[in-house]
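Accompanying notes for the structure given below.
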Amino acid sequence: MANPEEVVSQPPASPESAILELPEVALVIEGVPLPSLHDVEQRYIKRVLQVAHGNQRQAARLLGISRWSLSRRLRKYGVQPRTAA
């Protein structure tokens, strides 16, 4: 079983990219950087929201969580879902 070698943290290239990029914190095992669970969950929720065309009820159903849990995670990750115009 591989032991973690180090935790890598890199600052964003610019303040603007800090807003657009996800945290660059990864666990490195055998020289392979792995994204954090926070990073993976945030990306997955964003992708499911895209598939659901911003419909939070449908996204929650696809994720297998309640609408309330999805709302909590959206706040946690600072994700702004699209609103109907």
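Residue numbering restarts at 1 for every chain of the structure tokens, chains are lettered A, B, ... in their displayed order, and ligands are numbered from 1 as they appear.
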Surrounding residues of segment 40-57 of chain A excluding itself and chain neighbours under 2 positions, 8 Å, only C-alpha atoms, as a VMD selection string: chain A and resid 35 to 38 59 to 63 67 70 77 79 81 to 83
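We find atom CA of Ile65 of chain A and atom CA of Leu27 of chain A to be spaced 27.1 Å apart.
Atom CA of Ser69 of chain A is positioned 17.4 Å from atom CA of Asp39 of chain A.
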From a backbone DSSP assignment, name each residue in segment 28-69 of chain A labelled helix (DSSP H, G or I), as a compact mmCIF listing (two decimals) with C-alpha atoms, in the first residue's frame.
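Wrote result-v9.txt, looks like this:
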```
# COMPACT_ATOMS: atom_id res chain seq x y z
CA LEU A 37 -12.58 15.30 -2.13
CA HIS A 38 -13.79 18.92 -1.94
CA ASP A 39 -12.55 19.51 -5.49
CA VAL A 40 -14.09 16.30 -6.86
CA GLU A 41 -17.49 16.90 -5.23
CA GLN A 42 -17.62 20.52 -6.38
CA ARG A 43 -16.80 19.61 -9.99
CA TYR A 44 -19.31 16.75 -9.97
CA ILE A 45 -22.13 18.93 -8.64
CA LYS A 46 -21.36 21.62 -11.22
CA ARG A 47 -21.39 19.05 -14.03
CA VAL A 48 -24.68 17.51 -12.90
CA LEU A 49 -26.23 20.99 -12.72
CA GLN A 50 -25.13 21.53 -16.33
CA VAL A 51 -26.70 18.24 -17.39
CA GLN A 56 -31.86 21.94 -8.95
CA ARG A 57 -34.68 19.49 -8.30
CA GLN A 58 -33.59 17.34 -11.25
CA ALA A 59 -29.90 17.67 -10.28
CA ALA A 60 -30.68 16.55 -6.73
CA ARG A 61 -32.57 13.55 -8.10
CA LEU A 62 -29.63 12.64 -10.37
CA LEU A 63 -27.21 12.98 -7.45
CA ARG A 67 -33.07 19.23 -2.78
CA TRP A 68 -32.17 20.67 0.65
CA SER A 69 -28.83 18.80 0.68
```
